[in-house]
Amino acid sequence: MEEKWIDATLEWLLRCGYLVFCIHTQCHTHAEQMHNYFPILHRIAYFVVQSMIRQLQINMEVNLDRGQIPNLKEFVDHLSSLMHSSVPGSLVLWYDSITVDGDLNWQDQLNYYNKPFFDICDGIFVNYTWKENYPSLSAAVAGDRRFDVYMGIDVFGRNTYGGGQWNVNVALDVLRKDDVSAAIFAPGWVYETKQPPDFETANNSWWDLVEKSWGVLRKYPGVLPFYTNFDQIVCECSETVDEDAVIIFQWTETLCRMLLGATFLAKAFRHVPNSPSFLLLARTPHLNFADSTNPIQVFTDLKGSSYSGGGNITFKGSLEEHAHFEKKIFEAEFVLSELPIHLTYSVKSDGNSSLGLKLAFASSTNKREYILLASQPLNNFSGKFSKAIITNGNKGSSPGWVINEGTIAMNGYTLAEIHAVCYRCDSPSNKLRWLYGSDSSDSFSASTSDYFASLGHISIQTLEYKSDFPVASSWQVDAKYMKWTPGPQGSKILSLQISWELKDGKNHQFRSYNVYLVKSSKQEGTSSRLEHVKEYLGVAQAKCYYVSELKVPSGTYSLKFIIQVCGDDGTLQELDESPYYGLEVEGPQISITM
């Protein structure tokens, strides 16, 4: 297989947000044939490293001559070692398909016929059609590695134990009882089958079934910085957890990919030894979605405009004047030092609806201190807190969003909880009206009890923390698959793929990359060039981005594609300091480069 076809196939798979390695070729020739695939392993490892994927599922949907099995085992062992050395902490799972006899024969459990493969990788993804006693049988075979057994559950319910769908908890209850792990396949069923009344409500209800069966561990280990934009789909849990605690991973990076690629999505939960909980999603807010008794309904909004590309926690309902409403959204164990912590959070609200944060701190003797961060003094209920801090507000980069900042010093305390606090602005200042885009006092009138506010992100860092981004010159930015075609009125249409990697070959892990475009044109009446505003194109999870049919107006001299690096702590590299790819626009340029 030519290398360029391998690269193209792998890039397409990684754009889909997951990587399942399958060989669909009948191998009945001499025993050395399996070695032909070894060069592919290094290409897989390269793309996995570049794309920040830490999990790989090996699915051999083929029959093999029995004489090929030793080579297949060597293949799996080599791939596991290569992944572990290339991406520390990565996982390789064997899918329950081919047996040690070379037969394509799903076992639905861990047993003699597939254990040799289980022994040389990080775990097994067991086929979905298991029986009630198979998890306990598999646990007995696995011994000390029982939590590396991931029993498959097909949410569509195709011959899966319990029937899947709204009975997914039936299978989870059995797996929890028998102390093995779970692999939930195609949770996008909720979306694909248009479950009523709407996707967000149905999706939350479905995940509530999972939570009620296994519980949810939402205490985040105590290493700052902390950042969340409330995106319900996270590539991985980046926190360091005890060796025998919890591991979660999934083959997806955005909500859209989860939904549209749901048939191919697997989501694996590792059971927590001696604990009733597992980690559902990294940095998932601590919400109970259906509580009609509260005056304010709280839900994760994935449809509305977000602050930084994730989701929002939205608070909507009724709140009387001088009243306030609290909702716990996170539990944590952040142990604080002498350095103060700096908090930022983004808010978008209507009228006089306001949103602050309450932080619960615990001392070594478990004494609790509650600190409120709010945008203005709150005399009517500030006495309920140990201290109230007035935040500094600034307009955010996204329309309608306000960034609130505050600094707290609590040396020796542990940040234990984060709550959202809903309240009203009785008499907002002129600055608040300016921040929220209103010059009219009527829009801030307290005569109505309607309340609406959204929380876009939370960031917590030590005061002296500084993000360390590689300088622009340390990146190699290239373009390929470039295609120019003529457009209307002298314009041109451009399609291309931009890719980037560090020149030193180091694998720095970044949350994502924002891609911007700057067009330069000739300034009328002069020979100088006019640089237009930076235009946001989109976000990339992998180190590549495809631009499709971009219209380049007549008179454009050059294009600059800027790659803005986004850190896991929520910080963004300055656009003027970011790597970029420059492209001259001259002549007809109707060509294709590969």
# chains A, B, ... in the order shown; residues from 1 in each chain; ligands from 1
$ residues_around --residues "range 374-379 of chain A" --least-positions-apart "4" --cutoff "6 Å" --atoms "only C-alpha atoms" --output "list in words"
Gly356, Ile390 and Thr391 of chain A
$ atom_distance --atom1 "CA of Asp173 in chain A" --atom2 "CA of Phe156 in chain A"
17.8 Å
$ select_by_dssp --residues "range 89-243 of chain A" --states "alpha helix (DSSP H)" --output "NGL selection string"
:A and (115-118 or 134-142 or 168-177 or 189-192 or 199-214)
$ atom_distance --atom1 "CA of Asp96 in chain A" --atom2 "CA of Val126 in chain A"
5.0 Å
$ closest_atom_pairs --of "range 113-169 of chain A" --to "range 98-106 of chain A" --cutoff "12 Å" --atoms "only C-alpha atoms" --output "Markdown table"
| residue | atom | partner | partner_atom | distance |
| --- | --- | --- | --- | --- |
| A:Tyr113 | CA | A:Thr99 | CA | 5.1 |
| A:Asn114 | CA | A:Thr99 | CA | 5.3 |
| A:Lys115 | CA | A:Val100 | CA | 8.6 |
| A:Pro116 | CA | A:Val100 | CA | 7.4 |
| A:Phe117 | CA | A:Val100 | CA | 8.3 |
| A:Phe118 | CA | A:Thr99 | CA | 11.1 |
| A:Phe125 | CA | A:Trp106 | CA | 11.1 |
| A:Val126 | CA | A:Trp106 | CA | 8.4 |
| A:Asn127 | CA | A:Trp106 | CA | 6.6 |
| A:Tyr128 | CA | A:Trp106 | CA | 9.4 |
| A:Thr129 | CA | A:Trp106 | CA | 8.9 |
| A:Trp130 | CA | A:Trp106 | CA | 9.8 |
| A:Gly152 | CA | A:Trp106 | CA | 12.0 |
$ write_last_selection --atoms "C-alpha atoms" --output "mmCIF file, in the first residue's frame"
data_model
loop_
_atom_site.group_PDB
_atom_site.id
_atom_site.type_symbol
_atom_site.label_atom_id
_atom_site.label_comp_id
_atom_site.auth_asym_id
_atom_site.auth_seq_id
_atom_site.Cartn_x
_atom_site.Cartn_y
_atom_site.Cartn_z
ATOM 1 C CA TYR A 113 -9.949 -18.114 22.702
ATOM 2 C CA ASN A 114 -9.199 -14.372 23.037
ATOM 3 C CA LYS A 115 -7.197 -14.018 26.259
ATOM 4 C CA PRO A 116 -3.775 -14.274 24.504
ATOM 5 C CA PHE A 117 -4.564 -10.944 22.801
ATOM 6 C CA PHE A 118 -5.886 -9.444 26.044
ATOM 7 C CA PHE A 125 -13.734 -4.605 24.218
ATOM 8 C CA VAL A 126 -16.163 -7.535 24.486
ATOM 9 C CA ASN A 127 -18.826 -7.976 21.811
ATOM 10 C CA TYR A 128 -22.333 -6.734 22.650
ATOM 11 C CA THR A 129 -24.307 -9.993 22.647
ATOM 12 C CA TRP A 130 -23.174 -11.321 26.035
ATOM 13 C CA GLY A 152 -20.004 -3.862 25.168
#
$ decode --residues "range 68-218 of chain A" --atoms "C-alpha atoms" --output "PDB file, in the first residue's frame"
ATOM      1  CA  GLN A  68      -0.669 -16.474  11.133  1.00  0.00           C
ATOM      2  CA  ILE A  69      -1.653 -16.110  14.803  1.00  0.00           C
ATOM      3  CA  PRO A  70       1.914 -15.814  16.181  1.00  0.00           C
ATOM      4  CA  ASN A  71       2.538 -12.985  13.719  1.00  0.00           C
ATOM      5  CA  LEU A  72      -0.771 -11.355  14.654  1.00  0.00           C
ATOM      6  CA  LYS A  73       0.174 -11.494  18.325  1.00  0.00           C
ATOM      7  CA  GLU A  74       3.531  -9.950  17.485  1.00  0.00           C
ATOM      8  CA  PHE A  75       1.632  -7.271  15.553  1.00  0.00           C
ATOM      9  CA  VAL A  76      -0.586  -6.427  18.562  1.00  0.00           C
ATOM     10  CA  ASP A  77       2.338  -6.481  20.972  1.00  0.00           C
ATOM     11  CA  HIS A  78       4.423  -4.243  18.726  1.00  0.00           C
ATOM     12  CA  LEU A  79       1.561  -1.778  18.222  1.00  0.00           C
ATOM     13  CA  SER A  80       0.940  -1.592  21.993  1.00  0.00           C
ATOM     14  CA  SER A  81       4.616  -0.972  22.717  1.00  0.00           C
ATOM     15  CA  LEU A  82       4.836   1.617  19.962  1.00  0.00           C
ATOM     16  CA  MET A  83       1.766   3.458  21.267  1.00  0.00           C
ATOM     17  CA  HIS A  84       3.022   3.431  24.845  1.00  0.00           C
ATOM     18  CA  SER A  85       6.427   4.779  23.858  1.00  0.00           C
ATOM     19  CA  SER A  86       4.986   7.392  21.482  1.00  0.00           C
ATOM     20  CA  VAL A  87       2.129   8.596  23.708  1.00  0.00           C
ATOM     21  CA  PRO A  88       2.705   7.899  27.425  1.00  0.00           C
ATOM     22  CA  GLY A  89      -0.531   6.834  29.099  1.00  0.00           C
ATOM     23  CA  SER A  90      -2.124   5.689  25.849  1.00  0.00           C
ATOM     24  CA  LEU A  91      -4.342   2.618  25.659  1.00  0.00           C
ATOM     25  CA  VAL A  92      -4.715  -0.136  23.093  1.00  0.00           C
ATOM     26  CA  LEU A  93      -7.835  -2.326  23.261  1.00  0.00           C
ATOM     27  CA  TRP A  94      -8.428  -5.642  21.512  1.00  0.00           C
ATOM     28  CA  TYR A  95     -11.905  -6.129  20.084  1.00  0.00           C
ATOM     29  CA  ASP A  96     -13.574  -9.491  20.660  1.00  0.00           C
ATOM     30  CA  SER A  97     -13.591 -10.857  17.094  1.00  0.00           C
ATOM     31  CA  ILE A  98     -10.897 -13.234  15.794  1.00  0.00           C
ATOM     32  CA  THR A  99      -9.788 -16.127  18.030  1.00  0.00           C
ATOM     33  CA  VAL A 100      -6.440 -17.827  18.614  1.00  0.00           C
ATOM     34  CA  ASP A 101      -7.595 -20.494  16.138  1.00  0.00           C
ATOM     35  CA  GLY A 102      -7.813 -17.834  13.410  1.00  0.00           C
ATOM     36  CA  ASP A 103     -11.612 -17.961  13.259  1.00  0.00           C
ATOM     37  CA  LEU A 104     -13.798 -14.859  13.110  1.00  0.00           C
ATOM     38  CA  ASN A 105     -15.965 -15.965  16.022  1.00  0.00           C
ATOM     39  CA  TRP A 106     -17.228 -13.457  18.589  1.00  0.00           C
ATOM     40  CA  GLN A 107     -16.990 -14.941  22.088  1.00  0.00           C
ATOM     41  CA  ASP A 108     -19.074 -12.335  23.992  1.00  0.00           C
ATOM     42  CA  GLN A 109     -16.743 -12.848  26.957  1.00  0.00           C
ATOM     43  CA  LEU A 110     -13.087 -13.105  27.884  1.00  0.00           C
ATOM     44  CA  ASN A 111     -11.983 -16.722  27.619  1.00  0.00           C
ATOM     45  CA  TYR A 112      -9.299 -19.087  26.341  1.00  0.00           C
ATOM     46  CA  TYR A 113      -9.949 -18.114  22.702  1.00  0.00           C
ATOM     47  CA  ASN A 114      -9.199 -14.372  23.037  1.00  0.00           C
ATOM     48  CA  LYS A 115      -7.197 -14.018  26.259  1.00  0.00           C
ATOM     49  CA  PRO A 116      -3.775 -14.274  24.504  1.00  0.00           C
ATOM     50  CA  PHE A 117      -4.564 -10.944  22.801  1.00  0.00           C
ATOM     51  CA  PHE A 118      -5.886  -9.444  26.044  1.00  0.00           C
ATOM     52  CA  ASP A 119      -2.581 -10.369  27.723  1.00  0.00           C
ATOM     53  CA  ILE A 120      -0.459  -8.243  25.355  1.00  0.00           C
ATOM     54  CA  CYS A 121      -2.508  -5.033  25.270  1.00  0.00           C
ATOM     55  CA  ASP A 122      -4.402  -2.789  27.695  1.00  0.00           C
ATOM     56  CA  GLY A 123      -7.798  -4.456  27.642  1.00  0.00           C
ATOM     57  CA  ILE A 124     -10.576  -6.095  25.663  1.00  0.00           C
ATOM     58  CA  PHE A 125     -13.734  -4.605  24.218  1.00  0.00           C
ATOM     59  CA  VAL A 126     -16.163  -7.535  24.486  1.00  0.00           C
ATOM     60  CA  ASN A 127     -18.826  -7.976  21.811  1.00  0.00           C
ATOM     61  CA  TYR A 128     -22.333  -6.734  22.650  1.00  0.00           C
ATOM     62  CA  THR A 129     -24.307  -9.993  22.647  1.00  0.00           C
ATOM     63  CA  TRP A 130     -23.174 -11.321  26.035  1.00  0.00           C
ATOM     64  CA  LYS A 131     -25.367 -13.251  28.486  1.00  0.00           C
ATOM     65  CA  GLU A 132     -26.070 -12.386  32.113  1.00  0.00           C
ATOM     66  CA  ASN A 133     -23.349 -14.628  33.582  1.00  0.00           C
ATOM     67  CA  TYR A 134     -20.647 -13.702  31.038  1.00  0.00           C
ATOM     68  CA  PRO A 135     -19.331 -10.644  32.954  1.00  0.00           C
ATOM     69  CA  SER A 136     -18.613 -12.718  36.072  1.00  0.00           C
ATOM     70  CA  LEU A 137     -17.006 -15.459  33.960  1.00  0.00           C
ATOM     71  CA  SER A 138     -14.858 -12.853  32.223  1.00  0.00           C
ATOM     72  CA  ALA A 139     -13.843 -11.316  35.553  1.00  0.00           C
ATOM     73  CA  ALA A 140     -12.699 -14.723  36.789  1.00  0.00           C
ATOM     74  CA  VAL A 141     -10.552 -15.232  33.683  1.00  0.00           C
ATOM     75  CA  ALA A 142      -9.061 -11.707  33.919  1.00  0.00           C
ATOM     76  CA  GLY A 143      -8.104 -12.046  37.590  1.00  0.00           C
ATOM     77  CA  ASP A 144      -6.387  -8.880  38.793  1.00  0.00           C
ATOM     78  CA  ARG A 145      -7.152  -7.229  35.443  1.00  0.00           C
ATOM     79  CA  ARG A 146     -10.936  -7.560  35.687  1.00  0.00           C
ATOM     80  CA  PHE A 147     -11.345  -3.806  35.266  1.00  0.00           C
ATOM     81  CA  ASP A 148      -9.576  -4.045  31.892  1.00  0.00           C
ATOM     82  CA  VAL A 149     -12.572  -6.040  30.615  1.00  0.00           C
ATOM     83  CA  TYR A 150     -14.963  -3.632  28.862  1.00  0.00           C
ATOM     84  CA  MET A 151     -18.312  -5.341  28.234  1.00  0.00           C
ATOM     85  CA  GLY A 152     -20.004  -3.862  25.168  1.00  0.00           C
ATOM     86  CA  ILE A 153     -23.510  -2.362  25.294  1.00  0.00           C
ATOM     87  CA  ASP A 154     -25.191  -1.388  22.016  1.00  0.00           C
ATOM     88  CA  VAL A 155     -27.514   1.530  22.752  1.00  0.00           C
ATOM     89  CA  PHE A 156     -29.532   0.683  19.637  1.00  0.00           C
ATOM     90  CA  GLY A 157     -30.357  -2.599  21.377  1.00  0.00           C
ATOM     91  CA  ARG A 158     -29.237  -4.993  18.641  1.00  0.00           C
ATOM     92  CA  ASN A 159     -29.084  -8.297  20.535  1.00  0.00           C
ATOM     93  CA  THR A 160     -27.496  -6.494  23.471  1.00  0.00           C
ATOM     94  CA  TYR A 161     -28.183  -7.537  27.057  1.00  0.00           C
ATOM     95  CA  GLY A 162     -31.121  -5.591  28.535  1.00  0.00           C
ATOM     96  CA  GLY A 163     -32.172  -4.204  25.172  1.00  0.00           C
ATOM     97  CA  GLY A 164     -30.175  -0.955  25.235  1.00  0.00           C
ATOM     98  CA  GLN A 165     -32.067   2.252  24.486  1.00  0.00           C
ATOM     99  CA  TRP A 166     -33.945   3.399  27.615  1.00  0.00           C
ATOM    100  CA  ASN A 167     -32.982   0.158  29.366  1.00  0.00           C
ATOM    101  CA  VAL A 168     -29.223   0.664  29.134  1.00  0.00           C
ATOM    102  CA  ASN A 169     -29.084   0.737  32.929  1.00  0.00           C
ATOM    103  CA  VAL A 170     -30.171  -2.933  33.039  1.00  0.00           C
ATOM    104  CA  ALA A 171     -26.836  -4.017  31.551  1.00  0.00           C
ATOM    105  CA  LEU A 172     -24.877  -1.468  33.590  1.00  0.00           C
ATOM    106  CA  ASP A 173     -26.368  -2.806  36.825  1.00  0.00           C
ATOM    107  CA  VAL A 174     -25.056  -6.290  35.986  1.00  0.00           C
ATOM    108  CA  LEU A 175     -21.585  -4.999  35.126  1.00  0.00           C
ATOM    109  CA  ARG A 176     -21.360  -2.983  38.304  1.00  0.00           C
ATOM    110  CA  LYS A 177     -22.424  -6.011  40.363  1.00  0.00           C
ATOM    111  CA  ASP A 178     -19.763  -8.198  38.731  1.00  0.00           C
ATOM    112  CA  ASP A 179     -17.002  -5.551  39.001  1.00  0.00           C
ATOM    113  CA  VAL A 180     -16.073  -5.170  35.337  1.00  0.00           C
ATOM    114  CA  SER A 181     -15.973  -2.147  33.067  1.00  0.00           C
ATOM    115  CA  ALA A 182     -18.381  -0.998  30.366  1.00  0.00           C
ATOM    116  CA  ALA A 183     -18.113   0.101  26.740  1.00  0.00           C
ATOM    117  CA  ILE A 184     -21.225   1.977  25.620  1.00  0.00           C
ATOM    118  CA  PHE A 185     -21.597   1.915  21.866  1.00  0.00           C
ATOM    119  CA  ALA A 186     -23.566   4.603  19.960  1.00  0.00           C
ATOM    120  CA  PRO A 187     -25.034   6.892  22.655  1.00  0.00           C
ATOM    121  CA  GLY A 188     -25.904   9.085  19.655  1.00  0.00           C
ATOM    122  CA  TRP A 189     -28.978   6.818  19.353  1.00  0.00           C
ATOM    123  CA  VAL A 190     -30.871   9.525  21.228  1.00  0.00           C
ATOM    124  CA  TYR A 191     -30.154  11.995  18.440  1.00  0.00           C
ATOM    125  CA  GLU A 192     -30.329   9.656  15.456  1.00  0.00           C
ATOM    126  CA  THR A 193     -33.758   8.343  16.428  1.00  0.00           C
ATOM    127  CA  LYS A 194     -35.093  11.793  17.397  1.00  0.00           C
ATOM    128  CA  GLN A 195     -36.150  10.811  20.905  1.00  0.00           C
ATOM    129  CA  PRO A 196     -38.830  13.180  22.277  1.00  0.00           C
ATOM    130  CA  PRO A 197     -39.403  15.832  23.363  1.00  0.00           C
ATOM    131  CA  ASP A 198     -36.133  17.304  22.078  1.00  0.00           C
ATOM    132  CA  PHE A 199     -32.496  16.235  21.931  1.00  0.00           C
ATOM    133  CA  GLU A 200     -31.143  18.079  24.972  1.00  0.00           C
ATOM    134  CA  THR A 201     -33.955  16.925  27.263  1.00  0.00           C
ATOM    135  CA  ALA A 202     -33.824  13.344  26.013  1.00  0.00           C
ATOM    136  CA  ASN A 203     -30.028  13.233  26.091  1.00  0.00           C
ATOM    137  CA  ASN A 204     -29.909  14.461  29.677  1.00  0.00           C
ATOM    138  CA  SER A 205     -32.576  11.932  30.683  1.00  0.00           C
ATOM    139  CA  TRP A 206     -30.663   9.103  29.031  1.00  0.00           C
ATOM    140  CA  TRP A 207     -27.402   9.996  30.783  1.00  0.00           C
ATOM    141  CA  ASP A 208     -29.358  10.205  34.046  1.00  0.00           C
ATOM    142  CA  LEU A 209     -29.986   6.456  33.634  1.00  0.00           C
ATOM    143  CA  VAL A 210     -26.245   5.882  33.411  1.00  0.00           C
ATOM    144  CA  GLU A 211     -25.618   8.084  36.432  1.00  0.00           C
ATOM    145  CA  LYS A 212     -28.278   6.383  38.565  1.00  0.00           C
ATOM    146  CA  SER A 213     -26.787   2.977  37.757  1.00  0.00           C
ATOM    147  CA  TRP A 214     -23.110   3.728  38.365  1.00  0.00           C
ATOM    148  CA  GLY A 215     -23.025   7.088  40.059  1.00  0.00           C
ATOM    149  CA  VAL A 216     -20.745   9.917  39.020  1.00  0.00           C
ATOM    150  CA  LEU A 217     -17.401  10.970  40.449  1.00  0.00           C
ATOM    151  CA  ARG A 218     -17.045  14.697  39.970  1.00  0.00           C
TER     152      ARG A 218
END
